[in-house]
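Just structure_1.pdb here, PDB, C-alpha atoms and all ligand atoms:
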```pdb
ATOM      1  CA  PHE L  25      35.583  -3.540  14.254
ATOM      2  CA  GLN L  26      38.110  -5.505  12.177
ATOM      3  CA  LEU L  27      35.666  -8.331  11.462
ATOM      4  CA  VAL L  28      33.603  -6.222   9.121
ATOM      5  CA  THR L  29      36.426  -5.552   6.672
ATOM      6  CA  GLN L  30      36.608  -9.335   6.242
ATOM      7  CA  PHE L  31      32.907  -9.750   5.604
ATOM      8  CA  ARG L  32      32.798  -9.258   1.843
ATOM      9  CA  HIS L  33      35.654 -11.706   1.453
ATOM     10  CA  ALA L  34      33.816 -14.092   3.775
ATOM     11  CA  LEU L  35      30.739 -13.957   1.520
ATOM     12  CA  GLU L  36      32.796 -14.617  -1.595
ATOM     13  CA  SER L  37      34.922 -17.388  -0.121
ATOM     14  CA  GLY L  38      32.097 -19.535   1.225
ATOM     15  CA  GLN L  39      32.630 -18.842   4.937
ATOM     16  CA  VAL L  40      29.087 -17.524   5.155
ATOM     17  CA  LYS L  41      26.342 -20.136   4.875
ATOM     18  CA  VAL L  42      22.591 -20.069   5.126
ATOM     19  CA  HIS L  43      20.840 -22.520   7.417
ATOM     20  CA  TYR L  44      17.104 -23.143   7.211
ATOM     21  CA  GLN L  45      14.531 -23.821   9.902
ATOM     22  CA  PRO L  46      11.286 -25.492   8.733
ATOM     23  CA  LYS L  47       7.845 -24.002   9.396
ATOM     24  CA  VAL L  48       4.786 -26.287   9.447
ATOM     25  CA  ALA L  49       1.069 -25.558   9.065
ATOM     26  CA  LEU L  50      -1.212 -26.347  12.016
ATOM     27  CA  PRO L  51      -2.916 -28.670  12.509
ATOM     28  CA  SER L  52      -1.765 -30.543   9.358
ATOM     29  CA  ARG L  53       2.010 -30.350  10.117
ATOM     30  CA  GLN L  54       2.661 -29.909   6.423
ATOM     31  CA  VAL L  55       5.938 -28.106   5.658
ATOM     32  CA  ILE L  56       5.000 -24.761   4.154
ATOM     33  CA  GLY L  57       8.199 -22.778   4.505
ATOM     34  CA  VAL L  58      11.659 -22.302   5.965
ATOM     35  CA  GLU L  59      13.318 -19.360   7.715
ATOM     36  CA  ALA L  60      16.788 -18.539   6.416
ATOM     37  CA  LEU L  61      19.293 -17.955   9.227
ATOM     38  CA  VAL L  62      22.804 -16.874   8.352
ATOM     39  CA  ARG L  63      25.966 -18.474   9.809
ATOM     40  CA  TRP L  64      29.595 -17.374   9.525
ATOM     41  CA  ARG L  65      32.377 -19.904   9.945
ATOM     42  CA  HIS L  66      35.331 -17.649  10.570
ATOM     43  CA  PRO L  67      38.810 -19.148   9.938
ATOM     44  CA  GLU L  68      40.138 -17.721  13.182
ATOM     45  CA  PHE L  69      37.163 -17.201  15.505
ATOM     46  CA  GLY L  70      35.173 -20.274  14.529
ATOM     47  CA  ARG L  71      31.429 -20.214  14.285
ATOM     48  CA  LEU L  72      29.947 -16.741  14.677
ATOM     49  CA  ASP L  73      26.226 -16.345  15.287
ATOM     50  CA  PRO L  74      24.286 -13.545  13.619
ATOM     51  CA  ASP L  75      23.849 -11.682  16.904
ATOM     52  CA  GLU L  76      27.644 -11.377  16.983
ATOM     53  CA  PHE L  77      28.164  -9.944  13.514
ATOM     54  CA  VAL L  78      24.916  -8.658  11.943
ATOM     55  CA  PRO L  79      24.947  -5.442  14.025
ATOM     56  CA  ALA L  80      28.516  -4.722  12.884
ATOM     57  CA  VAL L  81      27.621  -5.520   9.268
ATOM     58  CA  GLU L  82      24.690  -3.097   9.521
ATOM     59  CA  ALA L  83      26.811  -0.379  11.095
ATOM     60  CA  ALA L  84      29.393  -0.742   8.320
ATOM     61  CA  GLY L  85      26.724  -0.281   5.636
ATOM     62  CA  LEU L  86      27.201  -3.814   4.289
ATOM     63  CA  VAL L  87      23.775  -5.159   5.082
ATOM     64  CA  ASP L  88      22.708  -5.035   1.403
ATOM     65  CA  ALA L  89      25.411  -7.531   0.557
ATOM     66  CA  LEU L  90      24.267  -9.817   3.391
ATOM     67  CA  THR L  91      20.566  -9.612   2.520
ATOM     68  CA  GLY L  92      21.302 -10.081  -1.186
ATOM     69  CA  PHE L  93      23.357 -13.183  -0.444
ATOM     70  CA  VAL L  94      20.755 -14.745   1.859
ATOM     71  CA  MET L  95      17.934 -13.914  -0.570
ATOM     72  CA  ASP L  96      19.802 -15.449  -3.534
ATOM     73  CA  GLN L  97      20.643 -18.644  -1.646
ATOM     74  CA  SER L  98      17.054 -18.944  -0.421
ATOM     75  CA  LEU L  99      15.499 -18.343  -3.847
ATOM     76  CA  ILE L 100      17.803 -20.941  -5.403
ATOM     77  CA  ARG L 101      16.379 -23.470  -2.926
ATOM     78  CA  VAL L 102      12.758 -22.430  -3.533
ATOM     79  CA  ARG L 103      13.290 -22.764  -7.293
ATOM     80  CA  LYS L 104      14.780 -26.260  -6.848
ATOM     81  CA  TRP L 105      11.787 -27.305  -4.752
ATOM     82  CA  LEU L 106       9.364 -25.933  -7.341
ATOM     83  CA  ASP L 107      11.138 -27.993  -9.987
ATOM     84  CA  ARG L 108      10.383 -31.048  -7.837
ATOM     85  CA  GLY L 109       6.748 -30.043  -7.410
ATOM     86  CA  LEU L 110       7.116 -28.697  -3.853
ATOM     87  CA  ARG L 111       5.736 -25.295  -2.879
ATOM     88  CA  ILE L 112       7.858 -24.213   0.087
ATOM     89  CA  ALA L 113       8.343 -20.531   0.866
ATOM     90  CA  ALA L 114      11.558 -18.980   2.192
ATOM     91  CA  ALA L 115      11.597 -16.258   4.860
ATOM     92  CA  VAL L 116      14.537 -13.838   4.880
ATOM     93  CA  ASN L 117      15.281 -11.601   7.863
ATOM     94  CA  LEU L 118      15.695  -7.950   6.927
ATOM     95  CA  SER L 119      17.562  -5.248   8.676
ATOM     96  CA  VAL L 120      15.393  -2.151   9.233
ATOM     97  CA  ARG L 121      18.067  -0.294   7.352
ATOM     98  CA  SER L 122      16.820  -1.908   4.151
ATOM     99  CA  LEU L 123      13.589   0.031   4.595
ATOM    100  CA  ASP L 124      15.519   3.296   4.315
ATOM    101  CA  ASP L 125      16.714   2.280   0.867
ATOM    102  CA  PRO L 126      14.246   3.308  -1.859
ATOM    103  CA  HIS L 127      15.895   0.852  -4.287
ATOM    104  CA  PHE L 128      15.416  -2.164  -2.043
ATOM    105  CA  PRO L 129      12.045  -3.226  -3.564
ATOM    106  CA  ASP L 130      13.600  -3.110  -7.053
ATOM    107  CA  ARG L 131      16.332  -5.459  -5.916
ATOM    108  CA  VAL L 132      13.777  -7.861  -4.473
ATOM    109  CA  ALA L 133      11.789  -7.795  -7.739
ATOM    110  CA  GLU L 134      14.962  -8.372  -9.723
ATOM    111  CA  ALA L 135      15.973 -11.347  -7.551
ATOM    112  CA  LEU L 136      12.519 -12.954  -7.886
ATOM    113  CA  ALA L 137      12.643 -12.534 -11.667
ATOM    114  CA  ARG L 138      16.211 -13.819 -11.945
ATOM    115  CA  HIS L 139      15.392 -16.957  -9.964
ATOM    116  CA  ASP L 140      11.947 -17.315 -11.548
ATOM    117  CA  VAL L 141      10.181 -17.597  -8.187
ATOM    118  CA  PRO L 142       6.613 -16.313  -7.630
ATOM    119  CA  PRO L 143       6.553 -13.498  -5.050
ATOM    120  CA  GLU L 144       4.237 -15.304  -2.645
ATOM    121  CA  LEU L 145       7.009 -17.839  -2.000
ATOM    122  CA  LEU L 146       9.238 -15.133  -0.502
ATOM    123  CA  THR L 147       8.576 -13.830   3.004
ATOM    124  CA  LEU L 148      10.451 -10.838   4.381
ATOM    125  CA  GLU L 149      10.688 -10.663   8.182
ATOM    126  CA  LEU L 150      11.086  -7.402  10.047
ATOM    127  CA  THR L 151      11.361  -7.101  13.796
ATOM    128  CA  GLU L 152       8.539  -5.408  15.605
ATOM    129  CA  SER L 153      10.954  -3.029  17.328
ATOM    130  CA  GLY L 154      12.557  -2.110  14.003
ATOM    131  CA  VAL L 155       9.358  -1.285  12.134
ATOM    132  CA  MET L 156       7.560   0.346  15.021
ATOM    133  CA  ALA L 157      10.470   2.602  15.925
ATOM    134  CA  ASP L 158       9.371   4.780  13.023
ATOM    135  CA  PRO L 159       6.424   3.315  11.092
ATOM    136  CA  GLN L 160       6.006   6.385   8.890
ATOM    137  CA  ARG L 161       9.555   6.055   7.652
ATOM    138  CA  ALA L 162       9.160   2.349   6.861
ATOM    139  CA  LEU L 163       5.782   2.721   5.172
ATOM    140  CA  PRO L 164       6.723   3.689   1.584
ATOM    141  CA  VAL L 165       9.132   0.778   1.133
ATOM    142  CA  LEU L 166       6.751  -1.641   2.894
ATOM    143  CA  ARG L 167       3.953  -0.580   0.528
ATOM    144  CA  ARG L 168       6.085  -1.213  -2.531
ATOM    145  CA  LEU L 169       7.214  -4.607  -1.235
ATOM    146  CA  HIS L 170       3.607  -5.506  -0.542
ATOM    147  CA  THR L 171       2.618  -4.448  -4.063
ATOM    148  CA  LEU L 172       5.206  -6.876  -5.428
ATOM    149  CA  GLY L 173       3.232  -9.645  -3.751
ATOM    150  CA  VAL L 174       5.855 -10.838  -1.283
ATOM    151  CA  THR L 175       4.671 -11.798   2.216
ATOM    152  CA  LEU L 176       5.632  -9.307   4.939
ATOM    153  CA  ALA L 177       6.020 -10.639   8.466
ATOM    154  CA  VAL L 178       6.491  -8.846  11.781
ATOM    155  CA  ASP L 179       9.010 -10.891  13.772
ATOM    156  CA  ASP L 180       9.477 -11.108  17.547
ATOM    157  CA  PHE L 181       5.940  -9.818  18.005
ATOM    158  CA  GLY L 182       4.903  -8.995  21.548
ATOM    159  CA  THR L 183       8.318  -7.791  22.696
ATOM    160  CA  GLY L 184       8.036  -4.221  21.404
ATOM    161  CA  TYR L 185       5.589  -1.464  21.994
ATOM    162  CA  SER L 186       3.315  -1.761  18.986
ATOM    163  CA  SER L 187      -0.013  -0.220  19.203
ATOM    164  CA  LEU L 188      -2.623  -2.317  17.512
ATOM    165  CA  ALA L 189      -3.641   0.730  15.539
ATOM    166  CA  TYR L 190      -0.219   0.910  13.899
ATOM    167  CA  LEU L 191      -0.177  -2.755  13.032
ATOM    168  CA  ARG L 192      -3.501  -2.273  11.290
ATOM    169  CA  GLN L 193      -2.071   0.564   9.174
ATOM    170  CA  LEU L 194       0.939  -1.408   7.994
ATOM    171  CA  PRO L 195       0.698  -3.592   4.887
ATOM    172  CA  VAL L 196       1.799  -6.748   6.698
ATOM    173  CA  ASP L 197       0.522 -10.289   6.162
ATOM    174  CA  GLU L 198       1.954 -12.277   9.046
ATOM    175  CA  VAL L 199       2.899 -11.901  12.717
ATOM    176  CA  LYS L 200       5.417 -14.154  14.431
ATOM    177  CA  ILE L 201       4.793 -14.528  18.159
ATOM    178  CA  ASP L 202       8.087 -14.078  19.959
ATOM    179  CA  LYS L 203       9.495 -17.341  21.242
ATOM    180  CA  SER L 204       9.762 -16.077  24.843
ATOM    181  CA  PHE L 205       5.942 -16.226  25.162
ATOM    182  CA  VAL L 206       5.655 -19.575  23.428
ATOM    183  CA  LEU L 207       8.417 -21.070  25.610
ATOM    184  CA  GLY L 208       6.696 -19.741  28.722
ATOM    185  CA  MET L 209       3.074 -20.508  27.961
ATOM    186  CA  GLY L 210       3.132 -24.023  29.472
ATOM    187  CA  THR L 211       4.024 -22.687  32.911
ATOM    188  CA  ASP L 212       3.105 -19.003  32.919
ATOM    189  CA  LEU L 213      -0.500 -17.886  32.580
ATOM    190  CA  GLY L 214       0.634 -14.408  31.573
ATOM    191  CA  ASP L 215       2.585 -15.790  28.624
ATOM    192  CA  LEU L 216      -0.374 -17.959  27.697
ATOM    193  CA  ALA L 217      -2.634 -14.904  27.714
ATOM    194  CA  VAL L 218      -0.220 -12.997  25.460
ATOM    195  CA  VAL L 219      -0.058 -15.879  22.982
ATOM    196  CA  ARG L 220      -3.834 -16.245  22.950
ATOM    197  CA  SER L 221      -4.423 -12.564  22.410
ATOM    198  CA  ILE L 222      -1.878 -12.306  19.583
ATOM    199  CA  VAL L 223      -3.586 -15.201  17.813
ATOM    200  CA  GLU L 224      -6.970 -13.492  18.215
ATOM    201  CA  LEU L 225      -5.711 -10.032  17.314
ATOM    202  CA  GLY L 226      -3.792 -11.363  14.321
ATOM    203  CA  HIS L 227      -6.795 -13.216  12.992
ATOM    204  CA  SER L 228      -9.130 -10.292  13.526
ATOM    205  CA  LEU L 229      -6.753  -8.225  11.372
ATOM    206  CA  GLY L 230      -6.663 -10.940   8.713
ATOM    207  CA  LEU L 231      -3.056 -11.940   9.407
ATOM    208  CA  THR L 232      -1.390 -15.336   9.392
ATOM    209  CA  VAL L 233      -0.110 -16.103  12.895
ATOM    210  CA  VAL L 234       3.158 -18.006  13.329
ATOM    211  CA  ALA L 235       4.492 -19.264  16.681
ATOM    212  CA  GLU L 236       8.262 -19.478  17.119
ATOM    213  CA  GLY L 237       9.976 -21.481  19.846
ATOM    214  CA  VAL L 238       7.705 -24.529  19.666
ATOM    215  CA  GLU L 239       9.743 -27.078  21.625
ATOM    216  CA  ASP L 240       7.242 -29.739  22.687
ATOM    217  CA  ASP L 241       4.069 -31.548  21.661
ATOM    218  CA  ALA L 242       2.044 -29.837  24.378
ATOM    219  CA  ALA L 243       2.877 -26.381  22.997
ATOM    220  CA  ARG L 244       2.132 -27.455  19.440
ATOM    221  CA  ASP L 245      -1.207 -28.999  20.392
ATOM    222  CA  GLN L 246      -2.206 -25.998  22.467
ATOM    223  CA  LEU L 247      -1.315 -23.615  19.617
ATOM    224  CA  ALA L 248      -3.280 -25.740  17.173
ATOM    225  CA  SER L 249      -6.310 -25.647  19.465
ATOM    226  CA  MET L 250      -6.080 -21.845  19.634
ATOM    227  CA  GLY L 251      -6.117 -21.734  15.839
ATOM    228  CA  CYS L 252      -2.507 -20.587  15.410
ATOM    229  CA  ASP L 253      -1.686 -21.114  11.724
ATOM    230  CA  VAL L 254       1.994 -22.060  11.660
ATOM    231  CA  ALA L 255       4.577 -23.524  14.065
ATOM    232  CA  GLN L 256       8.358 -23.192  14.041
ATOM    233  CA  GLY L 257      10.778 -24.498  16.652
ATOM    234  CA  TYR L 258      13.063 -27.249  17.852
ATOM    235  CA  LEU L 259      10.149 -29.733  18.084
ATOM    236  CA  ILE L 260       9.836 -29.569  14.310
ATOM    237  CA  SER L 261      13.526 -29.049  13.606
ATOM    238  CA  ARG L 262      16.546 -26.958  14.530
ATOM    239  CA  PRO L 263      17.959 -24.733  11.780
ATOM    240  CA  LEU L 264      19.653 -27.109   9.292
ATOM    241  CA  SER L 265      22.410 -26.794   6.720
ATOM    242  CA  GLU L 266      21.318 -27.050   3.108
ATOM    243  CA  SER L 267      22.222 -30.732   2.813
ATOM    244  CA  ARG L 268      20.662 -31.694   6.140
ATOM    245  CA  LEU L 269      17.503 -29.810   5.237
ATOM    246  CA  GLU L 270      17.230 -31.753   1.998
ATOM    247  CA  ALA L 271      17.608 -35.037   3.881
ATOM    248  CA  TRP L 272      15.012 -33.898   6.449
ATOM    249  CA  LEU L 273      12.544 -32.941   3.707
ATOM    250  CA  GLN L 274      13.120 -36.217   1.906
ATOM    251  CA  ALA L 275      12.384 -38.256   5.035
ATOM    252  CA  ARG L 276       9.351 -36.108   5.763
ATOM    253  CA  THR L 277       7.762 -36.175   2.320
ATOM    254  CA  THR L 278       8.315 -39.889   1.629
ATOM    255  CA  GLN L 279       6.860 -40.772   5.026
ATOM    256  CA  ALA L 280       3.570 -38.959   4.216
TER
HETATM  257  O1  LIG U   1      19.527 -18.869  14.905
HETATM  258  P1  LIG U   1      19.731 -17.563  15.311
HETATM  259  O2  LIG U   1      20.892 -17.452  16.260
HETATM  260  O3  LIG U   1      20.354 -17.661  13.939
HETATM  261  O4  LIG U   1      19.325 -16.074  14.909
HETATM  262  C1  LIG U   1      19.701 -14.973  15.686
HETATM  263  C2  LIG U   1      19.156 -13.676  15.151
HETATM  264  O5  LIG U   1      19.833 -13.303  13.943
HETATM  265  C3  LIG U   1      17.682 -13.687  14.829
HETATM  266  O6  LIG U   1      17.124 -12.541  15.455
HETATM  267  C4  LIG U   1      17.624 -13.542  13.361
HETATM  268  O7  LIG U   1      16.480 -12.778  12.990
HETATM  269  C5  LIG U   1      18.910 -12.831  13.010
HETATM  270  N1  LIG U   1      19.326 -13.192  11.651
HETATM  271  C6  LIG U   1      19.570 -14.437  11.179
HETATM  272  N2  LIG U   1      19.885 -14.410   9.868
HETATM  273  C7  LIG U   1      19.827 -13.110   9.490
HETATM  274  C8  LIG U   1      20.037 -12.427   8.246
HETATM  275  O8  LIG U   1      20.308 -13.021   7.209
HETATM  276  N3  LIG U   1      19.894 -11.076   8.246
HETATM  277  C9  LIG U   1      19.545 -10.371   9.374
HETATM  278  N4  LIG U   1      19.428  -9.049   9.273
HETATM  279  N5  LIG U   1      19.346 -10.981  10.566
HETATM  280  C10 LIG U   1      19.470 -12.327  10.627
HETATM  281  O1  LIG U   2      14.819 -13.402  16.108
HETATM  282  P1  LIG U   2      14.499 -14.509  15.203
HETATM  283  O2  LIG U   2      13.116 -14.978  15.525
HETATM  284  O3  LIG U   2      14.619 -14.282  13.732
HETATM  285  O4  LIG U   2      15.486 -15.699  15.529
HETATM  286  C1  LIG U   2      15.210 -17.008  15.515
HETATM  287  C2  LIG U   2      16.116 -17.574  16.585
HETATM  288  O5  LIG U   2      15.404 -18.483  17.396
HETATM  289  C3  LIG U   2      17.297 -18.302  16.026
HETATM  290  O6  LIG U   2      18.380 -18.029  16.849
HETATM  291  C4  LIG U   2      16.877 -19.754  16.184
HETATM  292  O7  LIG U   2      17.990 -20.618  16.254
HETATM  293  C5  LIG U   2      16.123 -19.697  17.505
HETATM  294  N1  LIG U   2      15.135 -20.752  17.695
HETATM  295  C6  LIG U   2      14.417 -21.364  16.719
HETATM  296  N2  LIG U   2      13.582 -22.292  17.246
HETATM  297  C7  LIG U   2      13.759 -22.270  18.586
HETATM  298  C8  LIG U   2      13.181 -23.026  19.668
HETATM  299  O8  LIG U   2      12.311 -23.874  19.508
HETATM  300  N3  LIG U   2      13.629 -22.707  20.906
HETATM  301  C9  LIG U   2      14.572 -21.763  21.133
HETATM  302  N4  LIG U   2      14.952 -21.556  22.394
HETATM  303  N5  LIG U   2      15.133 -21.039  20.139
HETATM  304  C10 LIG U   2      14.734 -21.291  18.873
HETATM  305 NA    NA U   3      13.723 -13.539  12.177
HETATM  306 MN    MN U   4      12.117 -14.954  13.841
END
```
What is this file in structure tokens?
Amino acid sequence: FQLVTQFRHALESGQVKVHYQPKVALPSRQVIGVEALVRWRHPEFGRLDPDEFVPAVEAAGLVDALTGFVMDQSLIRVRKWLDRGLRIAAAVNLSVRSLDDPHFPDRVAEALARHDVPPELLTLELTESGVMADPQRALPVLRRLHTLGVTLAVDDFGTGYSSLAYLRQLPVDEVKIDKSFVLGMGTDLGDLAVVRSIVELGHSLGLTVVAEGVEDDAARDQLASMGCDVAQGYLISRPLSESRLEAWLQARTTQA
């Protein structure tokens, strides 16, 4: 795929940008973090979404360059917020391929040191299907990342085939309920039951539970009443460019 040969150049020439979607604590609605979501504005093809190019970037062995870029951009933001007295964490999506790389934890440690950001303000998100495909293989790198003190999150939870026993054995700190269940829970009792049981399971394992796909007040209030810890979704904000995020944060923090 031709696109991939252009990817390194795209990173260097500013075609690739990181957008950020806020995450708020429940029930306080305080902004506690952002998820970094990559965007590629291609000179010819226009805006490309990650689903259209991340798989090709992974297949071409360039995912390190992508993750490194997103992590650097995110840590620059976290550092700027710290300098203004704000503690806001950044969550970076990982490719499972990073877990095959024994040097990956060293690169994370190096990036945290270079940007002077405490490890607890970096979250690394892995998809449930990615980690659970081969938990034994992922375990050594996950353990080292956990030892660094970064937060490890299992993304899209509920869509894969995780056994609860495996989740308990992994050094993870957070589960993110897949948005399909959160979007459905207002109208579908099955989805509601899944959401409820993930919140309960997560808490019984000592994990922070995050709901993605929170689009209306009813969903947010219902999640808060279940004890879900964090909400993310269009109700709070869509993913925003760096400058729009700063404006959003400004409006939000001066209002409070
Ligand atoms: O907003 P959205 O279309 O950006 O995200 C689509 C998918 O792309 C999500 O599953 C998200 O996890 C993934 N994604 C977004 N940014 C990155 C990234 O920097 N690296 C990886 N590996 N996946 C990403
Ligand atoms: O797979 P992952 O969870 O990393 O991807 C997040 C994706 O979900 C991004 O594409 C993001 O734009 C999208 N998203 C974020 N909030 C909402 C929401 O409230 N509703 C819907 N439908 N999608 C959302
Ligand atoms: Na994600
Ligand atoms: Mn996610």
For this session: Could you check how far atom CA of Arg131 of chain L sits from atom CA of Arg32 of chain L, in Å to one decimal?
Result: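 These two atoms are separated by 18.6 Å.
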Exercise. Can you tell me, as a PyMOL selection string, what residues are no more than 10 Å from segment 81-91 of chain L when counting all atoms listed in the file, ignoring any on the same chain fewer than 5 positions away?
Worked result: chain L and resi 25+27-29+31-32+35+40+62+74+76+96-97+116-122+125+128+131-132
Exercise. Could you list, as an MDAnalysis selection string, all the residues within 12 Å of ligand NA 3 (chain U), counting all atoms listed in the file?
Worked result: chainID L and resid 44:45 58:62 74:75 114:120 147:152 154 176:181 199:203 234:237 256 263
Problem set entry | Residue contacts of Arg111 of chain L (10 Å, all atoms listed in the file) excluding same-chain residues fewer than 5 positions away, as a list in words |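 Result of the neighbour search: Val55, Ile56, Gly57, Val102, Arg103, Lys104, Trp105, Leu106 and Leu145 of chain L.
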For this session: Rank nothing, just name the residue among L:His127, L:Lys41, L:Arg63, L:Arg268 nearest to ligand LIG 2 (chain U), using all atoms listed in the file.
Result: L:Arg63
For this session: Could you check which of L:His227, L:Arg220, L:Asp73, L:Ser52 is closest to ligand LIG 2 (chain U), using all atoms listed in the file?
Result: L:Asp73
Exercise. Which is closest to Arg161 of chain L among L:Leu123, L:Cys252, L:Val196, L:Ala80, if we use only C-alpha atoms?
Worked result: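 Using only C-alpha atoms, Arg161 of chain L sits closest to L:Leu123.
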Exercise. Hey, can you check how far atom CA of Val219 of chain L sits from atom O7 of ligand LIG 1 (chain U)?
Worked result: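 A separation of 19.6 Å between them.
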Seminar exercise, completed: Expressed in Å, the length from atom CA of Ser37 of chain L to atom C6 of ligand LIG 1 (chain U) is 19.3 Å
Exercise. Out of L:Gly182, L:Gly38, L:Pro195, L:Pro126, which residue has the shortest atom-to-atom distance to Phe93 of chain L when counting only C-alpha atoms?
Worked result: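 Of all the options, L:Gly38 lies closest to Phe93 of chain L.
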Centre and edge lengths, as AutoDock Vina command-line options, for the axis-aligned box enclosing every listed atom of ligand LIG 2 (chain U) with 3 Å of padding on each of the six sides, in Å to one decimal?
```
--center_x 15.3 --center_y -18.6 --center_z 18.1 --size_x 12.1 --size_y 16.5 --size_z 14.7
```
